[in-house]
Every structure is written in C-alpha cells, then in structure tokens.
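Enquirer: One file is attached below, protein_34.cif, containing mmCIF, C-alpha atoms and all ligand atoms.
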```cif
data_work
loop_
_atom_site.label_atom_id
_atom_site.label_comp_id
_atom_site.auth_asym_id
_atom_site.auth_seq_id
_atom_site.Cartn_x
_atom_site.Cartn_y
_atom_site.Cartn_z
CA MET T 40 41.70 75.38 50.62
CA ILE T 41 37.91 75.73 50.83
CA ASN T 42 36.62 78.80 52.62
CA ILE T 43 33.29 78.56 54.37
CA ALA T 44 31.04 81.04 56.16
CA VAL T 45 28.76 80.19 59.08
CA LEU T 46 25.46 82.11 59.31
CA GLY T 47 24.41 82.19 62.96
CA TYR T 48 26.56 81.71 66.06
CA GLY T 49 23.92 80.18 68.30
CA THR T 50 23.86 76.65 69.67
CA VAL T 51 24.40 74.79 66.39
CA GLY T 52 26.62 77.51 64.84
CA SER T 53 29.03 77.51 67.77
CA GLY T 54 28.96 73.70 67.62
CA VAL T 55 29.95 73.79 63.94
CA VAL T 56 32.93 76.03 64.75
CA GLU T 57 33.89 73.78 67.68
CA VAL T 58 33.68 70.58 65.58
CA ILE T 59 35.72 72.06 62.71
CA ASP T 60 38.33 73.39 65.14
CA SER T 61 38.69 70.24 67.18
CA ASN T 62 38.50 67.69 64.33
CA ASN T 63 40.28 69.79 61.72
CA ALA T 64 42.95 67.29 60.69
CA SER T 65 40.57 64.37 60.17
CA ILE T 66 37.94 66.56 58.47
CA ASN T 67 40.58 67.79 56.03
CA ARG T 68 41.77 64.24 55.34
CA LYS T 69 38.23 63.05 54.73
CA SER T 70 37.26 65.95 52.50
CA GLY T 71 40.54 65.91 50.57
CA ASN T 72 40.82 69.63 51.12
CA ASP T 73 41.62 72.20 53.81
CA ILE T 74 38.39 73.57 55.26
CA ARG T 75 38.73 77.04 56.76
CA ILE T 76 36.05 79.13 58.44
CA LYS T 77 36.51 82.58 56.90
CA TYR T 78 33.46 84.31 58.39
CA VAL T 79 30.84 83.90 61.07
CA LEU T 80 27.74 86.05 60.69
CA ASP T 81 25.73 87.11 63.72
CA LEU T 82 23.95 90.26 64.89
CA ARG T 83 25.71 89.99 68.25
CA ASP T 84 29.34 90.62 69.21
CA PHE T 85 31.39 87.98 71.00
CA PRO T 86 34.32 89.78 72.63
CA GLY T 87 37.17 87.43 73.51
CA ASP T 88 35.57 84.53 71.65
CA ARG T 89 37.48 82.44 69.08
CA VAL T 90 35.30 83.95 66.30
CA GLU T 91 35.83 87.59 67.34
CA LYS T 92 38.19 88.33 64.43
CA ILE T 93 36.11 86.60 61.76
CA LEU T 94 32.73 87.87 62.96
CA VAL T 95 30.74 89.98 60.51
CA HIS T 96 27.32 91.62 60.85
CA ASP T 97 26.73 92.22 57.15
CA PHE T 98 25.72 89.23 55.01
CA ASP T 99 26.82 91.03 51.82
CA ILE T 100 30.48 90.67 52.86
CA ILE T 101 30.03 86.89 52.61
CA LEU T 102 27.87 87.05 49.50
CA ASN T 103 30.36 89.23 47.62
CA ASP T 104 33.47 87.25 48.60
CA PRO T 105 34.26 84.84 45.73
CA GLU T 106 36.59 82.88 48.04
CA VAL T 107 33.59 81.63 50.06
CA LYS T 108 32.51 78.40 48.38
CA ILE T 109 30.26 76.92 51.08
CA VAL T 110 27.76 78.70 53.31
CA VAL T 111 26.54 77.02 56.50
CA GLU T 112 23.09 78.26 57.50
CA VAL T 113 22.31 77.53 61.15
CA MET T 114 20.22 80.56 62.05
CA GLY T 115 16.85 78.76 62.18
CA GLY T 116 13.48 80.15 61.12
CA VAL T 117 12.41 80.91 57.59
CA GLU T 118 13.57 84.53 57.33
CA PRO T 119 16.15 85.90 56.86
CA ALA T 120 17.57 82.40 56.37
CA TYR T 121 15.64 81.88 53.11
CA THR T 122 16.84 85.15 51.59
CA PHE T 123 20.48 84.50 52.58
CA VAL T 124 20.42 80.89 51.36
CA LYS T 125 18.78 81.73 48.04
CA LYS T 126 21.25 84.57 47.38
CA SER T 127 24.17 82.29 48.30
CA LEU T 128 23.01 79.58 45.88
CA LEU T 129 22.37 82.08 43.09
CA ALA T 130 25.91 83.39 43.68
CA GLY T 131 27.29 79.87 43.11
CA LYS T 132 27.96 78.95 46.74
CA SER T 133 26.84 75.56 48.08
CA VAL T 134 24.73 75.67 51.24
CA CYS T 135 24.57 73.26 54.18
CA THR T 136 21.77 73.80 56.68
CA SER T 137 20.20 72.32 59.81
CA ASN T 138 17.08 74.44 59.35
CA LYS T 139 14.04 72.13 59.01
CA GLU T 140 11.58 75.04 58.71
CA LEU T 141 13.53 76.40 55.76
CA VAL T 142 13.87 73.00 54.10
CA ALA T 143 10.22 72.01 54.65
CA THR T 144 9.02 75.38 53.32
CA HIS T 145 11.40 76.08 50.43
CA GLY T 146 13.35 72.83 49.92
CA PRO T 147 12.40 71.99 46.32
CA GLU T 148 13.02 75.52 45.05
CA LEU T 149 16.45 75.68 46.74
CA ILE T 150 17.36 72.22 45.39
CA ARG T 151 16.42 73.38 41.87
CA ILE T 152 18.56 76.51 42.17
CA ALA T 153 21.48 74.39 43.39
CA ARG T 154 20.99 72.02 40.43
CA GLN T 155 20.84 74.91 37.93
CA ASN T 156 24.09 76.31 39.37
CA ASN T 157 25.89 72.95 39.57
CA ILE T 158 26.35 73.29 43.32
CA ASN T 159 24.71 71.67 46.36
CA PHE T 160 22.00 72.36 48.90
CA LEU T 161 22.50 69.83 51.71
CA PHE T 162 20.35 69.42 54.81
CA GLU T 163 21.23 66.20 56.63
CA ALA T 164 21.01 67.91 60.05
CA SER T 165 17.45 69.10 59.47
CA VAL T 166 16.05 65.68 60.45
CA GLY T 167 17.25 63.41 63.24
CA GLY T 168 20.25 65.47 64.43
CA ALA T 169 23.32 63.23 64.16
CA ILE T 170 21.45 60.33 62.53
CA PRO T 171 22.27 59.88 58.85
CA VAL T 172 18.87 59.43 57.22
CA ILE T 173 18.60 61.99 54.43
CA ARG T 174 21.75 60.88 52.64
CA PRO T 175 20.79 57.18 52.92
CA ILE T 176 17.32 57.90 51.48
CA ASN T 177 18.82 59.97 48.67
CA SER T 178 21.81 57.74 47.93
CA SER T 179 21.63 54.26 49.46
CA LEU T 180 17.95 53.28 49.34
CA THR T 181 17.36 54.19 45.72
CA ALA T 182 17.04 50.71 44.21
CA ASP T 183 13.68 49.95 45.78
CA PRO T 184 10.60 52.20 46.02
CA ILE T 185 10.11 53.40 49.60
CA LEU T 186 6.68 52.38 50.86
CA GLU T 187 6.67 53.68 54.40
CA ILE T 188 8.58 55.86 56.85
CA LYS T 189 7.77 55.75 60.53
CA GLY T 190 9.62 57.03 63.54
CA ILE T 191 10.26 59.12 66.57
CA LEU T 192 11.53 62.38 65.10
CA ASN T 193 11.38 64.74 68.06
CA GLY T 194 13.77 64.33 70.98
CA THR T 195 12.06 66.79 73.32
CA THR T 196 8.67 65.05 73.27
CA ASN T 197 10.33 61.65 73.54
CA TYR T 198 12.18 62.87 76.63
CA ILE T 199 8.91 64.20 78.14
CA LEU T 200 7.02 60.96 77.45
CA THR T 201 9.92 58.87 78.79
CA GLN T 202 10.03 60.86 82.04
CA MET T 203 6.26 60.58 82.42
CA ASP T 204 6.62 56.83 81.98
CA VAL T 205 9.65 56.28 84.20
CA GLU T 206 8.94 58.82 86.94
CA GLY T 207 5.14 58.88 86.80
CA TRP T 208 5.24 62.66 86.33
CA GLU T 209 2.42 64.73 84.90
CA PHE T 210 3.05 66.42 81.56
CA ASP T 211 3.74 69.89 83.05
CA LYS T 212 6.49 68.63 85.35
CA ALA T 213 8.16 66.65 82.54
CA LEU T 214 7.99 69.72 80.26
CA SER T 215 9.48 72.08 82.85
CA THR T 216 12.31 69.61 83.49
CA ALA T 217 12.94 69.38 79.74
CA GLN T 218 13.12 73.18 79.67
CA GLU T 219 15.53 73.28 82.64
CA LEU T 220 17.80 70.79 80.86
CA GLY T 221 17.73 72.86 77.67
CA TYR T 222 15.89 70.26 75.57
CA ALA T 223 12.65 72.23 75.27
CA GLU T 224 12.47 75.88 74.22
CA ARG T 225 10.92 78.50 76.50
CA ASN T 226 8.07 78.47 73.97
CA PRO T 227 7.75 74.70 73.54
CA GLU T 228 4.81 74.77 71.12
CA ALA T 229 6.71 73.56 68.03
CA ASP T 230 7.87 70.44 69.82
CA ILE T 231 4.90 69.53 72.03
CA GLU T 232 2.22 70.24 69.42
CA GLY T 233 4.04 68.11 66.86
CA TYR T 234 4.93 70.90 64.40
CA ASP T 235 8.65 70.05 64.49
CA ALA T 236 8.01 66.36 63.79
CA CYS T 237 5.53 67.37 61.08
CA ARG T 238 8.19 69.37 59.20
CA LYS T 239 10.67 66.52 59.54
CA ILE T 240 8.29 63.86 58.17
CA ALA T 241 7.40 66.28 55.35
CA ILE T 242 11.10 66.45 54.40
CA LEU T 243 11.67 62.68 54.60
CA SER T 244 8.45 61.91 52.71
CA SER T 245 9.30 64.37 49.94
CA LEU T 246 12.67 62.68 49.49
CA ALA T 247 11.18 59.19 49.65
CA PHE T 248 8.30 59.82 47.24
CA GLY T 249 10.06 62.36 45.00
CA SER T 250 7.33 65.02 45.05
CA ASN T 251 6.76 67.86 47.47
CA VAL T 252 4.86 66.91 50.63
CA LYS T 253 3.51 70.14 52.10
CA PHE T 254 3.76 70.11 55.87
CA GLU T 255 0.49 72.06 56.05
CA ASP T 256 -1.31 69.01 54.56
CA ILE T 257 -0.10 66.60 57.25
CA TYR T 258 -2.56 65.69 60.01
CA THR T 259 -0.72 66.67 63.21
CA GLU T 260 -1.52 66.07 66.88
CA GLY T 261 0.94 66.75 69.68
CA ILE T 262 1.40 65.33 73.17
CA SER T 263 0.18 68.23 75.32
CA LYS T 264 -3.03 66.39 76.23
CA ILE T 265 -1.29 63.18 77.33
CA THR T 266 -1.63 62.67 81.09
CA ALA T 267 0.05 60.55 83.74
CA THR T 268 -3.15 58.46 83.86
CA ASP T 269 -2.89 57.72 80.12
CA ILE T 270 0.61 56.44 80.77
CA ARG T 271 -0.64 54.24 83.63
CA TYR T 272 -3.13 52.61 81.25
CA ALA T 273 -0.39 52.16 78.65
CA LYS T 274 1.92 50.52 81.17
CA LYS T 275 -0.81 48.23 82.44
CA MET T 276 -1.32 46.98 78.86
CA GLY T 277 2.46 46.63 78.28
CA TYR T 278 2.64 49.67 76.01
CA ALA T 279 4.46 53.02 75.96
CA ILE T 280 3.10 56.23 74.45
CA LYS T 281 5.29 57.68 71.68
CA LEU T 282 4.86 60.61 69.32
CA LEU T 283 5.10 58.91 65.92
CA ALA T 284 5.53 60.61 62.58
CA SER T 285 4.72 58.46 59.59
CA SER T 286 4.01 58.43 55.90
CA SER T 287 3.19 55.67 53.48
CA VAL T 288 1.97 54.85 50.01
CA GLU T 289 -0.71 52.20 49.49
CA ASN T 290 -2.31 51.48 46.11
CA GLY T 291 -1.15 54.83 44.76
CA ARG T 292 -2.57 56.79 47.72
CA TYR T 293 -0.21 58.72 49.98
CA PHE T 294 -0.75 59.18 53.73
CA ALA T 295 1.14 61.16 56.38
CA MET T 296 0.45 61.97 60.00
CA VAL T 297 1.97 62.91 63.34
CA ALA T 298 0.23 61.80 66.55
CA PRO T 299 0.82 60.06 69.89
CA PHE T 300 0.45 56.30 69.65
CA MET T 301 0.42 53.39 72.10
CA VAL T 302 3.43 51.26 71.11
CA ARG T 303 3.63 47.73 72.48
CA SER T 304 6.73 46.42 74.26
CA SER T 305 7.74 44.06 71.42
CA HIS T 306 7.91 46.97 68.96
CA PRO T 307 11.46 48.30 68.30
CA LEU T 308 10.30 51.90 68.87
CA TYR T 309 9.10 51.03 72.40
CA SER T 310 12.62 51.14 73.84
CA VAL T 311 13.69 54.38 72.13
CA SER T 312 13.97 56.58 75.22
CA GLY T 313 14.91 60.10 76.22
CA VAL T 314 16.06 62.49 73.50
CA TYR T 315 16.88 59.65 71.11
CA ASN T 316 15.21 59.40 67.70
CA ALA T 317 14.62 56.32 65.57
CA ILE T 318 13.35 56.11 62.01
CA PHE T 319 12.17 53.11 60.05
CA VAL T 320 12.25 53.16 56.28
CA ARG T 321 10.43 50.29 54.57
CA GLY T 322 10.99 49.26 50.98
CA ASP T 323 9.30 46.54 48.99
CA GLN T 324 12.43 44.40 48.66
CA ILE T 325 14.67 45.73 51.42
CA GLY T 326 12.07 45.37 54.17
CA ASP T 327 12.68 47.55 57.20
CA VAL T 328 15.83 49.59 57.69
CA MET T 329 16.14 51.36 61.05
CA PHE T 330 18.16 54.48 61.86
CA TYR T 331 18.76 55.32 65.52
CA GLY T 332 20.76 57.90 67.44
CA SER T 333 20.92 61.37 68.99
CA GLY T 334 18.13 63.35 67.42
CA ALA T 335 19.14 66.72 68.82
CA GLY T 336 21.87 68.50 70.73
CA LYS T 337 24.58 70.99 69.85
CA LEU T 338 27.49 68.76 68.86
CA PRO T 339 25.58 65.82 67.32
CA THR T 340 23.67 68.26 65.10
CA ALA T 341 26.84 70.22 64.33
CA CYS T 342 28.58 66.99 63.25
CA ALA T 343 25.79 66.33 60.73
CA VAL T 344 26.19 69.88 59.37
CA VAL T 345 29.97 69.51 59.11
CA ALA T 346 29.58 66.15 57.35
CA ASP T 347 27.52 68.01 54.74
CA VAL T 348 30.34 70.58 54.45
CA VAL T 349 32.75 67.69 53.79
CA ASP T 350 30.37 66.32 51.13
CA ALA T 351 29.98 69.76 49.54
CA ALA T 352 33.78 70.13 49.51
CA LYS T 353 34.08 66.74 47.78
CA HIS T 354 31.56 67.85 45.14
CA ILE T 355 32.66 71.40 44.55
CA ASP T 356 31.81 71.40 40.83
CA LYS T 357 29.30 68.60 40.86
CA HIS T 358 25.64 68.69 41.85
CA ILE T 359 24.45 65.68 43.88
CA TYR T 360 21.05 64.92 42.36
CA THR T 361 18.24 65.06 44.91
CA PHE T 362 14.94 63.30 44.18
CA TRP T 363 12.46 66.02 45.32
CA SER T 364 10.45 67.78 42.62
CA GLU T 365 8.54 71.05 43.07
CA GLU T 366 5.27 69.32 42.18
CA ASP T 367 3.03 68.95 45.26
CA LEU T 368 2.05 65.43 46.32
CA HIS T 369 -1.63 64.91 47.08
CA LEU T 370 -2.09 63.37 50.53
CA THR T 371 -5.19 61.30 51.22
CA GLY T 372 -6.91 62.26 54.49
CA ILE T 373 -6.50 59.88 57.41
CA GLY T 374 -10.25 59.02 57.56
CA ASP T 375 -9.74 55.69 55.77
CA SER T 376 -6.68 54.67 57.81
CA THR T 377 -7.46 51.63 59.88
CA ARG T 378 -6.23 50.97 63.40
CA SER T 379 -7.35 50.14 66.94
CA PHE T 380 -8.04 52.91 69.44
CA PHE T 381 -7.68 53.12 73.19
CA VAL T 382 -10.50 55.14 74.77
CA ARG T 383 -10.96 56.42 78.34
CA VAL T 384 -14.47 57.11 79.60
CA SER T 385 -15.92 58.28 82.92
CA GLY T 386 -18.18 56.11 85.01
CA ASN T 387 -18.47 52.54 86.11
CA ARG T 388 -17.48 49.78 83.72
CA ALA T 389 -20.30 47.38 84.67
CA GLU T 390 -22.90 50.10 84.06
CA ARG T 391 -21.45 51.18 80.70
CA GLU T 392 -20.23 47.97 79.06
CA ASP T 393 -23.39 47.39 77.01
CA GLU T 394 -23.46 50.95 75.69
CA ILE T 395 -19.83 50.64 74.53
CA THR T 396 -20.11 47.21 72.92
CA LYS T 397 -23.28 48.38 71.15
CA GLN T 398 -21.16 51.01 69.39
CA PHE T 399 -17.86 49.20 68.91
CA GLY T 400 -18.70 45.47 69.11
CA GLU T 401 -16.25 43.38 71.06
CA VAL T 402 -13.65 45.51 72.87
CA LYS T 403 -10.99 44.85 75.49
CA PHE T 404 -11.68 46.63 78.81
CA ILE T 405 -8.91 47.94 81.07
CA GLU T 406 -9.27 49.19 84.64
CA LEU T 407 -6.62 50.80 86.82
CA ASP T 408 -6.06 49.65 90.40
CA GLY T 409 -7.64 52.08 92.84
CA VAL T 410 -9.57 53.97 90.13
CA SER T 411 -13.35 53.46 90.18
CA ASP T 412 -14.72 56.53 88.41
CA GLU T 413 -13.34 55.73 84.94
CA PHE T 414 -12.10 52.89 82.79
CA GLY T 415 -10.60 52.28 79.38
CA PHE T 416 -11.20 50.02 76.40
CA VAL T 417 -9.41 49.09 73.18
CA THR T 418 -11.41 48.74 69.98
CA LYS T 419 -10.85 46.27 67.18
CA PRO T 420 -9.17 47.83 64.12
CA LEU T 421 -11.52 50.22 62.31
CA ALA T 422 -11.27 53.21 59.99
CA GLU T 423 -10.61 56.57 61.66
CA LYS T 424 -13.84 58.03 60.32
CA THR T 425 -15.90 55.03 61.51
CA PHE T 426 -14.30 55.28 64.93
CA GLU T 427 -15.11 59.00 65.18
CA GLU T 428 -18.75 58.38 64.14
CA HIS T 429 -19.21 55.77 66.87
CA LEU T 430 -17.32 57.79 69.47
CA LYS T 431 -19.78 60.67 69.03
CA ASN T 432 -22.47 58.38 70.47
CA ILE T 433 -20.49 57.70 73.64
CA PRO T 434 -20.92 60.40 76.33
CA ASN T 435 -18.23 61.40 78.86
CA VAL T 436 -15.17 60.44 76.83
CA ILE T 437 -12.00 61.53 78.63
CA GLY T 438 -9.62 60.89 75.75
CA ARG T 439 -8.46 58.53 73.04
CA ILE T 440 -5.07 57.39 71.78
CA ARG T 441 -4.28 55.46 68.61
CA MET T 442 -2.68 52.01 68.82
CA GLU T 443 0.42 51.24 66.73
CA GLU T 444 0.04 47.58 65.98
CA LYS T 445 1.08 46.93 62.42
CA LEU T 446 3.09 43.77 62.13
CA ASN T 447 5.97 45.36 60.31
CA ALA T 448 9.03 47.18 61.61
CA GLY T 449 10.61 43.95 62.71
CA CYS T 450 8.03 43.14 65.34
N1 LIG N 1 13.51 70.49 69.06
C1 LIG N 1 14.04 69.42 68.27
C2 LIG N 1 13.86 68.10 68.99
C3 LIG N 1 15.48 69.69 68.00
O1 LIG N 1 13.56 68.10 70.19
O2 LIG N 1 13.96 67.05 68.39
C4 LIG N 1 16.06 68.90 66.87
O3 LIG N 1 15.44 69.17 65.65
#
```
With the file now loaded, output its structure as structure tokens.
Expert:
Amino acid sequence: MINIAVLGYGTVGSGVVEVIDSNNASINRKSGNDIRIKYVLDLRDFPGDRVEKILVHDFDIILNDPEVKIVVEVMGGVEPAYTFVKKSLLAGKSVCTSNKELVATHGPELIRIARQNNINFLFEASVGGAIPVIRPINSSLTADPILEIKGILNGTTNYILTQMDVEGWEFDKALSTAQELGYAERNPEADIEGYDACRKIAILSSLAFGSNVKFEDIYTEGISKITATDIRYAKKMGYAIKLLASSSVENGRYFAMVAPFMVRSSHPLYSVSGVYNAIFVRGDQIGDVMFYGSGAGKLPTACAVVADVVDAAKHIDKHIYTFWSEEDLHLTGIGDSTRSFFVRVSGNRAEREDEITKQFGEVKFIELDGVSDEFGFVTKPLAEKTFEEHLKNIPNVIGRIRMEEKLNAGC
C-alpha cells in the first residue's frame, strides 16, 4: 500500500481524485502496488464530497505522517506550493506536480533535493497536459543530442487563434468565448501574453540541454495584438497564425523564444487546432519526433499527474536521474535569428512599393479583396536586427508577424 496526499482540490486536484477512484484497479496493477489517497489538503471545506473525510487544512499533518510516501502538488502558483514541495522532499516524500510556474522557477533545486534524498520530483503534467513529452525527453531521447524543440504549448491561445481563423472573429470575441468555455482564466494574461508557453519551453529546454534555462531570459510575445485582418492575410497566403514556442542550439549558441508565427499549410503544426498542443523535438540522428494531444483540461492533466504517481510508486527507493543542472544556460538574443517577416502598412501599394523595396529589396506584396487603404508584404529571410533597422525607416506600419518557414519538422 502506498499512501499519497493531494495538495489542492481545484480543477486538477479533483481530477486526480476522480482518476484514481475510477481507474483504481488498473492503476494498482500498473504500479504493482495499492495506491490510496490518505489526505486532500485545501483551505475550503467540501461538505458531502467524496473527500470530506480525508480533507485537511493543515499541511503539517501530511508532512508529519510517515505513511505518506508521495505528495501530489496541484495547487498552482509558486507559493505556498514551493514551501510545501520542498518540505515534502526534505522529509523523504516524492512529489508529483502539474505546476509549471513552480517547476520553471525552482525545478533544478527541487530535482537536486530529490536526488539527495533518493526520491523523485516528477512533473510530466507541467507541459502539454496529457501529452507525454517530459518523460520521453528524459528517458527515451537520450542517445542523441537534442538540437531543437518547437511547438504549440498553450491550448487557450491555440483555441483563440483557431476560432479567429475558422469563424473570422476578432480577438476579443474569441477570448471571451474561451473564457465562457473555461479554457481561458478570468485574468487571461498568462496565456495570451505568452507567459505560460514561455515557462513550458523553459522547462523543456532545460531538460533537453541539461542546464537551467531561465524563463525570464526568453524573448516572449503573445497574441493579444493579432487581429482578424492579420488572419485574413494569413489565409490568403495559405498560412495560419500560431503561437510557437521554440528553442535550439546552433554552433554552441542557444536560442529560445515565444511569438506568433505564420505557419504554412504544408507544415504539420498548421493543422493543430483548438486546445490541442503539438511539440517537435529534433535530434541530430533521430530527426523530428512529434508529440500531439490534449494540452490542457481537468482529466487529461490529471491522468499525466497520476501516471507520475504510478512512476513514483514504481521507484519508491530509487531516484530517476533527471538531466537538468542548477547552472544557468546563457541564451543568445534573437537579433541574429534569420527569418522572413510579414508586414502590414497603411496606404496605397502602387504609391509605396518603391519605398518598401528600397529598404527590403525584393518582397512579395499581398492585398486583401475590398481593402484599399493598406496592404502587406513578405520580406526575404533576414536577421531580426536587420529587419528592425529597416522597418524603422518605413512609416505607418500597422504590424508585423514572423514567418515559420524552416524546412524541417517533416515539411
Ligand atoms: N492555460 C494552459 C493552456 C493550461 O491553455 O494551455 C495548461 O497548462
């Protein structure tokens, strides 16, 4: 019998209890042990609920109970989660968490404490919901250095962009619908400004490259400035706009960024719609490996947490080595990254063509049917910093979006 405690009875916490209750027999068979929820910690009471009799309000009851071998942290946020998790690990209890803020902020320290105590700190659910990606990076893709990770890591923004594309909605309408459906929080900033995806790519990059990628160092742009007109241009060119998170190593220099990109229809990420996530991992020998599935949601995320509980139960006196040192990785700024850019400018194309080609050389112009007071153009590939220097000389720019055109990722 392995006793566990669940910290937080919110969306994911109640999902963890539901999954363990409903799949108990198969979970026990797969873990080779009986998994029992001994406590659920929450500030609130839940009269009449299944957890009423095991609900505690005091974390010390869990901390001081030697029968509790695994703690599930699904409270979210850095504090008090960090304090509870650190104390649990120091007390010799393995921890499984879905908390990407906690992992991105304190991951390497918590992994070290777990290693020193011969227990485990597992966080599969912190990235990509139900999609197994952390365990594969840590266990299955270890024979070949990972060169690049690229993907759609945020379900809420992917839902918003998909609805804007399919329905022609403006951003605000797509966001409010996402909120009504429970995908987006009442304060949607973390999702729409890219902070959530930034923390997730920081976690994946740290695991892939073995040193700590600080999320604060990652260039991050969200989707809140994307408009229905941007999407019309994208569609006219045969592209979709996606919020991509990526990191790579080239000639010993490491890069990471989160930003909206135009993704062409032949690219595998083009057809990743709604709240789905997809992640490419590229190795030198293995080429591209793609992971795809439900990136969010109560039960998919809970299943990833419970799978970590099963793994922790299978390794009760054995630390699973995790390749993520406390040493910070230096990220090179994105100024030298090379790509094409789509730019929207006000005015009449015929009157402004010369001015634009003088700055950018040959470009491809795009005009929308029925729109005469603006037009768009796509540059040839050029370094970010060169692009910005030239763009400063162009008046009345409405916006710009990067183009994802690399001939990798199976396209
Ligand atoms: N807000 C996140 C998303 C939840 O939309 O992807 C899963 O981390």
Enquirer: Of the residues T:Lys69, T:Lys139, T:Lys108, T:His369, which is the one nearest to ligand LIG 1 (chain N), using only C-alpha atoms and all ligand atoms?
Expert: T:Lys139
Enquirer: At a cut-off of 6 Å from (10.6, 77.9, 57.1) in the coordinates of the file, what residues are picked up using all atoms listed in the file, written as a list of chain:residue names?
Expert: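 Every residue inside that radius is included here: T:Gly116, T:Val117, T:Glu140, T:Leu141, T:Thr144.
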Enquirer: Neighbouring residues of Phe362 of chain T were defined as those with any atom within 7 Å, considering all atoms listed in the file; residues of the same chain fewer than 3 positions away were excluded. Please report them as a PyMOL selection string.
Expert: chain T and resi 177+246+249
Enquirer: Can you write out as a Markdown table which residues of chain T fall within 6 Å of ligand LIG 1 (chain N), alongside each residue's closest atom pair and its distance in Å to one decimal, counting only C-alpha atoms and all ligand atoms and ordering rows by chain and ascending residue number?
Expert:
```
| residue | atom | partner | partner_atom | distance |
| --- | --- | --- | --- | --- |
| T:Gly168 | CA | N:LIG1 | C4 | 5.9 |
| T:Asn193 | CA | N:LIG1 | O2 | 3.5 |
| T:Gly194 | CA | N:LIG1 | O2 | 3.8 |
| T:Thr195 | CA | N:LIG1 | O1 | 3.7 |
| T:Asp230 | CA | N:LIG1 | N1 | 5.7 |
| T:Gly334 | CA | N:LIG1 | O2 | 5.7 |
| T:Ala335 | CA | N:LIG1 | C4 | 4.2 |
```
Enquirer: In terms of the shortest atom-to-atom distance over only C-alpha atoms, which of T:Leu161, T:Ala236, T:Val79, T:Leu149 is closest to Glu365 of chain T?
Expert: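 Closest residue, counting only C-alpha atoms: T:Leu149.
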Enquirer: Just the residues within 10 Å of Ile265 of chain T, please, counting only C-alpha atoms, with nothing from its chain fewer than 4 positions along; format it as a PyMOL selection string.
Expert: chain T and resi 200+203+209-210+261+269-270+280+299+438-440
Enquirer: Could you tell me which of T:Glu260, T:Glu401, T:Asp375, T:Glu366 comes closest to Glu228 of chain T if we count only C-alpha atoms?
Expert: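 The answer is T:Glu260, which sits nearest to Glu228 of chain T.
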Enquirer: Separation of atom CA of Val56 of chain T and atom CA of Pro119 of chain T, in Å?
Expert: 21.0 Å
Enquirer: To one decimal in Å, tell me the separation between atom CA of Val382 of chain T and atom CA of Leu407 of chain T.
Expert: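 A separation of 13.4 Å between them.
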Enquirer: Of the candidates T:Ile74, T:Val58, T:Leu129, T:Val348, which one gets nearest to Asn42 of chain T if we count only C-alpha atoms?
Expert: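 Between T:Ile74, T:Val58, T:Leu129, T:Val348, the residue approaching Asn42 of chain T most closely is T:Ile74.
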Enquirer: How many Å lie between atom CA of Tyr315 of chain T and atom CA of Met296 of chain T, rounded to one decimal?
Expert: 20.0 Å
Enquirer: Between T:Ala120, T:Ala169, T:Val345, T:Ala352, which one has atoms that come closest to Val107 of chain T, using all atoms listed in the file?
Expert: T:Ala352
Enquirer: Determine the nearest neighbour of Lys264 of chain T from the options T:Arg388, T:Val288, T:Ile437, T:Asp323, counting all atoms listed in the file.
Expert: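 Looking at the shortest contact to Lys264 of chain T, the residue is T:Ile437.
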Enquirer: Using all atoms listed in the file, which protein or nucleic acid residues come within 9 Å of Met442 of chain T? Drop anything in the same chain fewer than 5 positions from it, and give the result as a PyMOL selection string.
Expert: chain T and resi 299-303+378-381+417
